[in-house]
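Trainee: See final_18.csv below, with CSV, C-alpha atoms.
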chain,number,residue,atom,x,y,z
W,12,MET,CA,0.0,0.0,0.0
W,13,THR,CA,1.3,3.4,-0.9
W,14,ARG,CA,1.4,6.0,1.9
W,15,ALA,CA,-0.5,9.2,1.3
W,16,PRO,CA,2.0,12.1,1.0
W,17,ALA,CA,2.4,14.0,4.3
W,18,PRO,CA,1.7,17.8,4.4
W,19,ALA,CA,4.7,20.0,3.9
W,20,VAL,CA,6.7,20.5,7.0
W,21,GLN,CA,6.7,24.1,8.4
W,22,VAL,CA,10.1,25.1,9.9
W,23,PHE,CA,10.4,28.0,12.4
W,24,ASP,CA,13.6,29.5,13.5
W,25,LEU,CA,12.9,30.9,17.0
W,26,ARG,CA,16.5,31.4,18.1
W,27,GLY,CA,15.9,35.1,18.2
W,28,GLU,CA,12.9,34.8,20.6
W,29,PRO,CA,13.2,35.0,24.4
W,30,HIS,CA,13.3,31.5,25.8
W,31,GLN,CA,10.9,30.4,28.5
W,32,LEU,CA,13.1,28.0,30.4
W,33,ALA,CA,13.1,27.6,34.1
W,34,ARG,CA,16.2,28.3,36.1
W,35,HIS,CA,17.0,24.5,36.5
W,36,GLU,CA,16.7,23.9,32.7
W,37,TRP,CA,19.7,25.9,31.5
W,38,THR,CA,22.7,27.9,32.7
W,39,ARG,CA,23.9,31.3,31.7
W,40,PHE,CA,27.3,30.7,33.0
W,41,VAL,CA,28.4,28.1,30.4
W,42,GLU,CA,28.3,28.3,26.6
W,43,ARG,CA,28.9,25.5,24.2
W,44,ASP,CA,31.3,25.7,21.3
W,45,PRO,CA,29.1,24.8,18.3
W,46,ALA,CA,32.1,23.5,16.4
W,47,GLU,CA,32.7,20.9,19.1
W,48,LEU,CA,29.2,19.3,18.8
W,49,CYS,CA,29.4,15.7,17.6
W,50,GLY,CA,25.8,14.7,16.9
W,51,VAL,CA,22.2,14.7,18.1
W,52,VAL,CA,20.3,13.1,21.0
W,53,LEU,CA,16.7,11.9,20.4
W,54,HIS,CA,14.1,12.6,23.1
W,55,GLN,CA,10.4,12.4,23.4
W,56,TRP,CA,8.1,15.0,25.1
W,57,HIS,CA,6.2,12.4,27.2
W,58,ALA,CA,2.8,13.9,26.3
W,59,LYS,CA,0.4,12.1,24.0
W,60,SER,CA,-0.9,15.3,22.4
W,61,VAL,CA,0.7,18.7,22.6
W,62,GLY,CA,-1.9,21.4,22.1
W,63,THR,CA,-2.0,25.1,21.8
W,64,MET,CA,-4.0,27.9,23.5
W,65,GLY,CA,-6.8,29.6,21.6
W,66,HIS,CA,-5.4,33.1,21.9
W,67,HIS,CA,-2.0,31.8,20.7
W,68,ARG,CA,-3.6,30.2,17.6
W,69,ALA,CA,-5.4,33.5,17.0
W,70,ARG,CA,-2.2,35.5,17.2
W,71,TYR,CA,0.3,33.2,15.5
W,72,GLY,CA,-1.7,30.5,13.6
W,73,GLU,CA,-1.6,26.9,14.9
W,74,PRO,CA,1.7,25.8,13.4
W,75,LEU,CA,3.7,28.7,14.9
W,76,ALA,CA,1.8,28.4,18.2
W,77,LEU,CA,2.8,24.8,18.4
W,78,ALA,CA,6.4,25.6,17.5
W,79,ARG,CA,6.5,28.2,20.2
W,80,ARG,CA,5.7,25.6,22.8
W,81,GLY,CA,9.3,24.5,22.3
W,82,LEU,CA,10.7,27.7,23.8
W,83,ALA,CA,9.6,26.3,27.2
W,84,THR,CA,11.6,23.1,26.8
W,85,PRO,CA,15.3,22.5,26.9
W,86,TYR,CA,15.4,20.8,23.5
W,87,ALA,CA,17.4,22.7,20.8
W,88,ILE,CA,15.0,21.4,18.2
W,89,SER,CA,11.4,20.3,18.7
W,90,CYS,CA,9.2,18.6,16.2
W,91,GLY,CA,5.6,17.4,16.1
W,92,VAL,CA,2.2,17.7,14.4
W,93,THR,CA,-0.6,20.2,15.1
W,94,ALA,CA,-3.5,18.7,16.9
W,95,LEU,CA,-6.2,20.5,14.8
W,96,GLY,CA,-4.8,20.7,11.3
W,97,GLY,CA,-2.3,17.8,11.3
W,98,VAL,CA,0.5,20.0,10.0
W,99,PRO,CA,4.1,18.8,10.7
W,100,VAL,CA,6.2,21.4,12.5
W,101,VAL,CA,9.9,21.8,13.3
W,102,ALA,CA,11.0,24.5,15.7
W,103,VAL,CA,14.6,25.6,16.2
W,104,CYS,CA,14.2,26.9,19.7
W,105,HIS,CA,17.7,27.6,21.1
W,106,PRO,CA,21.1,28.8,19.8
W,107,LEU,CA,23.7,26.1,19.6
W,108,GLU,CA,25.7,27.9,22.2
W,109,ARG,CA,23.0,27.8,24.8
W,110,TYR,CA,23.8,25.1,27.5
W,111,THR,CA,20.4,23.5,28.3
W,112,TYR,CA,19.9,20.6,30.6
W,113,SER,CA,18.2,18.3,28.2
W,114,SER,CA,20.6,15.3,27.7
W,115,ASP,CA,22.4,14.7,31.0
W,116,ALA,CA,25.9,13.6,30.1
W,117,GLY,CA,25.3,14.7,26.5
W,118,ASN,CA,24.5,18.3,27.3
W,119,ALA,CA,27.9,19.7,26.3
W,120,HIS,CA,28.5,18.0,23.0
W,121,TYR,CA,25.1,17.0,21.5
W,122,LEU,CA,22.2,18.8,19.9
W,123,SER,CA,18.9,17.7,21.4
W,124,ILE,CA,15.8,16.9,19.3
W,125,GLY,CA,12.5,16.5,21.2
W,126,VAL,CA,9.7,14.7,19.4
W,127,MET,CA,6.3,15.8,20.6
W,128,GLY,CA,4.4,12.7,21.8
W,129,LEU,CA,4.3,9.8,24.2
W,130,PHE,CA,5.9,6.6,22.9
W,131,PRO,CA,6.3,3.3,24.7
W,132,TYR,CA,9.8,1.9,25.4
W,133,VAL,CA,9.1,-0.9,23.0
W,134,GLU,CA,6.1,-1.2,20.6
W,135,GLY,CA,4.9,-4.4,22.3
W,136,GLN,CA,3.9,-2.1,25.2
W,137,ARG,CA,1.8,0.2,23.0
W,138,SER,CA,-1.6,1.3,24.2
W,139,ALA,CA,-4.0,2.9,21.8
W,140,GLN,CA,-5.5,5.0,24.6
W,141,ARG,CA,-2.2,6.1,26.0
W,142,HIS,CA,0.4,6.5,23.3
W,143,THR,CA,0.8,8.8,20.3
W,144,VAL,CA,0.0,7.4,16.9
W,145,VAL,CA,2.8,7.4,14.3
W,146,THR,CA,1.5,9.2,11.2
W,147,GLY,CA,3.0,10.2,7.9
W,148,ALA,CA,3.0,13.8,9.2
W,149,LEU,CA,4.9,12.9,12.3
W,150,ARG,CA,7.4,10.9,10.2
W,151,ALA,CA,7.9,14.0,8.0
W,152,ALA,CA,8.5,16.2,11.0
W,153,VAL,CA,11.1,13.9,12.5
W,154,ALA,CA,12.9,13.6,9.1
W,155,ARG,CA,12.9,17.3,8.6
W,156,ALA,CA,14.2,17.9,12.2
W,157,LEU,CA,17.2,15.6,11.4
W,158,GLU,CA,17.8,17.6,8.2
W,159,VAL,CA,17.7,20.9,10.1
W,160,ALA,CA,20.1,19.5,12.7
W,161,ALA,CA,22.5,18.4,10.1
W,162,GLU,CA,22.4,21.8,8.4
W,163,LEU,CA,23.0,23.6,11.7
W,164,LEU,CA,25.9,21.3,12.6
W,165,ASP,CA,27.4,21.7,9.1
W,166,GLU,CA,27.1,25.5,9.3
W,167,ALA,CA,28.9,25.4,12.7
W,168,GLY,CA,31.8,23.6,11.2
W,169,CYS,CA,31.2,20.2,12.8
W,170,ARG,CA,33.0,17.4,11.1
W,171,GLY,CA,31.3,14.1,10.3
W,172,PRO,CA,30.5,11.4,10.8
W,173,LEU,CA,28.0,12.8,13.3
W,174,ARG,CA,26.3,10.4,15.7
W,175,VAL,CA,22.6,10.0,16.3
W,176,ILE,CA,22.1,8.7,19.9
W,177,THR,CA,19.3,8.5,22.4
W,178,HIS,CA,18.6,9.9,25.9
W,179,ARG,CA,19.2,6.5,27.5
W,180,GLN,CA,22.8,6.5,26.3
W,181,CYS,CA,23.4,9.8,28.1
W,182,ALA,CA,22.1,8.7,31.5
W,183,ASN,CA,24.0,10.1,34.4
W,184,GLY,CA,22.2,8.4,37.3
W,185,PRO,CA,20.7,5.0,38.3
W,186,SER,CA,17.1,6.2,37.9
W,187,ASP,CA,17.3,8.0,34.6
W,188,HIS,CA,15.3,8.1,31.3
W,189,PHE,CA,16.2,4.6,30.1
W,190,ALA,CA,13.0,4.3,28.1
W,191,CYS,CA,13.5,7.6,26.2
W,192,PRO,CA,12.8,8.2,23.4
W,193,GLY,CA,11.0,4.9,22.7
W,194,GLU,CA,11.2,2.4,19.8
W,195,ALA,CA,8.8,4.4,17.6
W,196,VAL,CA,11.1,7.5,17.6
W,197,VAL,CA,14.1,5.3,16.9
W,198,GLU,CA,12.3,3.7,14.0
W,199,MET,CA,11.2,7.0,12.5
W,200,ALA,CA,14.8,8.4,12.8
W,201,ALA,CA,16.4,5.3,11.3
W,202,ALA,CA,14.0,5.4,8.4
W,203,ALA,CA,14.6,9.1,7.8
W,204,LEU,CA,18.4,8.6,7.8
W,205,ARG,CA,18.0,5.7,5.5
W,206,ASP,CA,16.2,7.9,3.1
W,207,GLY,CA,18.9,10.5,3.2
W,208,ALA,CA,17.4,13.0,5.7
W,209,ALA,CA,20.9,14.1,6.9
W,210,GLY,CA,23.0,13.1,3.9
W,211,ALA,CA,25.9,10.8,4.7
W,212,ILE,CA,27.3,12.8,7.6
W,213,MET,CA,24.9,11.5,10.3
W,214,ALA,CA,24.3,7.9,11.3
W,215,PRO,CA,23.0,6.0,14.4
W,216,ASP,CA,25.5,4.8,17.0
W,217,PRO,CA,23.5,2.4,19.2
W,218,ASP,CA,26.4,1.3,21.3
W,219,LEU,CA,27.9,4.6,22.4
W,220,VAL,CA,27.5,5.1,26.2
W,221,LEU,CA,28.7,8.4,27.5
W,222,LEU,CA,29.0,7.4,31.1
W,223,ARG,CA,29.7,3.7,31.4
W,224,GLU,CA,28.4,3.3,34.9
W,225,HIS,CA,24.9,4.6,34.0
W,226,GLY,CA,24.2,4.9,30.3
W,227,ARG,CA,22.9,2.0,28.3
W,228,PRO,CA,23.1,1.0,24.6
W,229,TRP,CA,20.0,0.3,22.5
W,230,PRO,CA,18.0,-2.8,23.3
W,231,GLU,CA,17.4,-5.4,20.6
W,232,GLU,CA,13.9,-4.1,20.0
W,233,TRP,CA,15.4,-0.8,18.8
W,234,ARG,CA,18.4,-2.3,17.2
W,235,ARG,CA,16.3,-4.4,14.8
W,236,HIS,CA,15.5,-1.2,12.8
W,237,LEU,CA,19.1,-0.9,11.9
W,238,GLN,CA,18.8,-4.2,10.1
W,239,ARG,CA,16.0,-2.8,8.0
W,240,VAL,CA,18.1,0.2,7.2
W,241,ALA,CA,21.1,-2.0,6.2
W,242,ASP,CA,18.9,-4.1,3.9
W,243,SER,CA,17.7,-0.9,2.1
W,244,ASP,CA,19.5,1.3,-0.3
W,245,GLY,CA,20.7,4.1,2.0
W,246,GLY,CA,24.0,4.8,0.2
W,247,PRO,CA,27.4,3.2,0.7
W,248,GLU,CA,28.6,5.6,3.4
W,249,PHE,CA,25.5,5.2,5.5
W,250,ALA,CA,25.3,1.5,5.0
W,251,GLU,CA,28.9,1.2,6.2
W,252,CYS,CA,28.1,3.0,9.4
W,253,VAL,CA,25.0,0.9,10.0
W,254,VAL,CA,26.7,-2.4,9.4
W,255,ASP,CA,29.5,-1.4,11.8
W,256,ALA,CA,26.9,-0.6,14.4
W,257,MET,CA,25.1,-3.9,13.9
W,258,SER,CA,28.3,-5.8,14.6
W,259,LYS,CA,28.1,-4.7,18.2
W,260,ARG,CA,25.6,-5.8,20.8
W,261,PRO,CA,24.3,-4.4,24.1
W,262,GLN,CA,26.6,-4.7,27.1
W,263,ASP,CA,24.0,-5.7,29.6
W,264,ASP,CA,20.8,-7.8,29.7
W,265,GLU,CA,19.2,-6.2,32.7
W,266,LYS,CA,15.4,-6.0,32.7
W,267,GLU,CA,14.4,-2.7,31.1
W,268,PRO,CA,11.9,-0.2,32.6
W,269,VAL,CA,8.3,-0.2,31.4
W,270,ALA,CA,7.5,3.1,29.8
Render the structure in this file as structure tokens.
Mentor:
Amino acid sequence: MTRAPAPAVQVFDLRGEPHQLARHEWTRFVERDPAELCGVVLHQWHAKSVGTMGHHRARYGEPLALARRGLATPYAISCGVTALGGVPVVAVCHPLERYTYSSDAGNAHYLSIGVMGLFPYVEGQRSAQRHTVVTGALRAAVARALEVAAELLDEAGCRGPLRVITHRQCANGPSDHFACPGEAVVEMAAAALRDGAAGAIMAPDPDLVLLREHGRPWPEEWRRHLQRVADSDGGPEFAECVVDAMSKRPQDDEKEPVA
């Protein structure tokens, strides 16, 4: 079955807007060097549906009103779909220099991407009532967010290959976000990268763990989507990165948290 084409993604650069972060979500005393960033970290917003206020929709229109929700989160880039119109949106919310507390051990050297939605740790735990549905529009938003991230990192002078990792790999404590961002986000990102969303400069690295005592690599349920990428025609450079990643395996078999 052929998927219906998704609506065009609307991209908003809000880096010139005042952020709405709480004191514990960023620091003004440290700035990152954009040229030293080495990839992106995938997150989820942990909310099934992200809505907008009526007066904001009246003032900005729904897509921009949704994009502006990202100014109150520590993610450098947020992406999602409007609740009323089904429009995919990408918002660049923070300058690369801004040190936000989004990714734990990855704060200093990774650009964070927050996907609006609530996704289970593995798809076998999915609940139709609780979790966000993966639509063509959401896939388009995730793909465009990765493209925008690659463009920003390239403009900053970052040198590839750049890594795509997840929040669980950046954990810095024993009770961290090990289920984040969820299998659905990983699958969407892997498919987008396979289709060339970030060129050949960005590829998943499922085994990188920033703090060995706390971070965890991808579980098998997430890793299987790399097999699908490797079996497809994603280009020789990307395929080489994926095959190398598949040659490794998780370092622990602890029971994972239920999202």
Trainee: Figure out the distance between CA of Thr177 in chain W and CA of Leu122 in chain W, please, to one decimal in Å.
Mentor: 11.0 Å
Trainee: Under the rule of at most 12 Å, produce a per-residue listing of range 39-148 of chain W near range 224-236 of chain W: chain, number, name, the closest pair of atoms, and the distance in Å, as CSV, using all atoms listed in the file.
Mentor:
residue,atom,partner,partner_atom,distance
W:Ser114,CA,W:Gly226,CA,11.3
W:Asp115,CA,W:Gly226,CA,10.0
W:Ala116,CA,W:Gly226,CA,8.9
W:Gly117,CA,W:Gly226,CA,10.6
W:Pro131,CA,W:Trp233,CA,11.6
W:Tyr132,CA,W:Glu232,CA,9.1
W:Val133,CA,W:Glu232,CA,6.5
W:Glu134,CA,W:Glu232,CA,8.3
W:Gly135,CA,W:Glu232,CA,9.3
W:Gln136,CA,W:Glu232,CA,11.4
Trainee: List as a PyMOL selection string the protein and nucleic acid residues near range 42-45 of chain W, meaning an atom at most 6 Å away when all atoms listed in the file are counted, but skip any in the same chain fewer than 5 places from it.
Mentor: chain W and resi 107-110+167
Trainee: Take CA of Met127 in chain W and CA of Trp56 in chain W and report the distance between them in Å, one decimal.
Mentor: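 Atom-to-atom, CA of Met127 in chain W and CA of Trp56 in chain W are spaced 4.9 Å apart.
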Trainee: Which residue gives the smallest distance to Val144 in chain W among W:Lys59, W:His30, W:His54, W:Arg174, with only C-alpha atoms counted?
Mentor: W:Lys59
Trainee: I'd like to know which of W:Leu219, W:Leu129, W:Ala209, W:Cys104 is closest to His178 in chain W, using all atoms listed in the file.
Mentor: W:Leu219
Trainee: So, with all atoms listed in the file as the atoms that count, which of W:Pro18, W:Pro29, W:Gly96, W:Gly65 lies closest to Gly147 in chain W?
Mentor: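 Looking at the shortest contact to Gly147 in chain W, the residue is W:Pro18.
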Trainee: Dig up all the protein and nucleic acid residues within 12 Å of (12.0, 14.0, 13.1) in the file frame, using only C-alpha atoms, and format them as number ranges by chain.
Mentor: W: 20, 22, 51-55, 88-92, 99-102, 123-128, 145-161, 175, 192, 195-204, 208-209
Trainee: What is the distance between CA of Arg205 in chain W and CA of Gln238 in chain W, in Å to one decimal?
Mentor: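 Computing the Euclidean distance for CA of Arg205 in chain W and CA of Gln238 in chain W yields 10.9 Å.
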Trainee: Select, from W:Gly50, W:Pro85, W:Gly97, W:Gly193, the residue with the minimum atom-to-atom distance to Gln21 in chain W, counting all atoms listed in the file.
Mentor: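 Among W:Gly50, W:Pro85, W:Gly97, W:Gly193, it is W:Gly97 that comes nearest to Gln21 in chain W.
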Trainee: From the options W:Val103, W:Ala94, W:Val61, W:Cys49, which residue's atoms come nearest to Met213 in chain W, counting only C-alpha atoms?
Mentor: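 The shortest atom-to-atom distance to Met213 in chain W comes from W:Cys49.
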Trainee: Could you give me, as a ChimeraX atom specification, the residues within 12 Å of Arg34 in chain W, counting all atoms listed in the file and dropping anything in the same chain fewer than 3 positions from it?
Mentor: /W:30-31,37-40,83-85,110-112
Trainee: Which of these, W:Gly210, W:Gly184, W:Pro217, W:Gly168, has the shortest distance to Leu48 in chain W once you count only C-alpha atoms?
Mentor: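 So, comparing all the options, the nearest one is W:Gly168.
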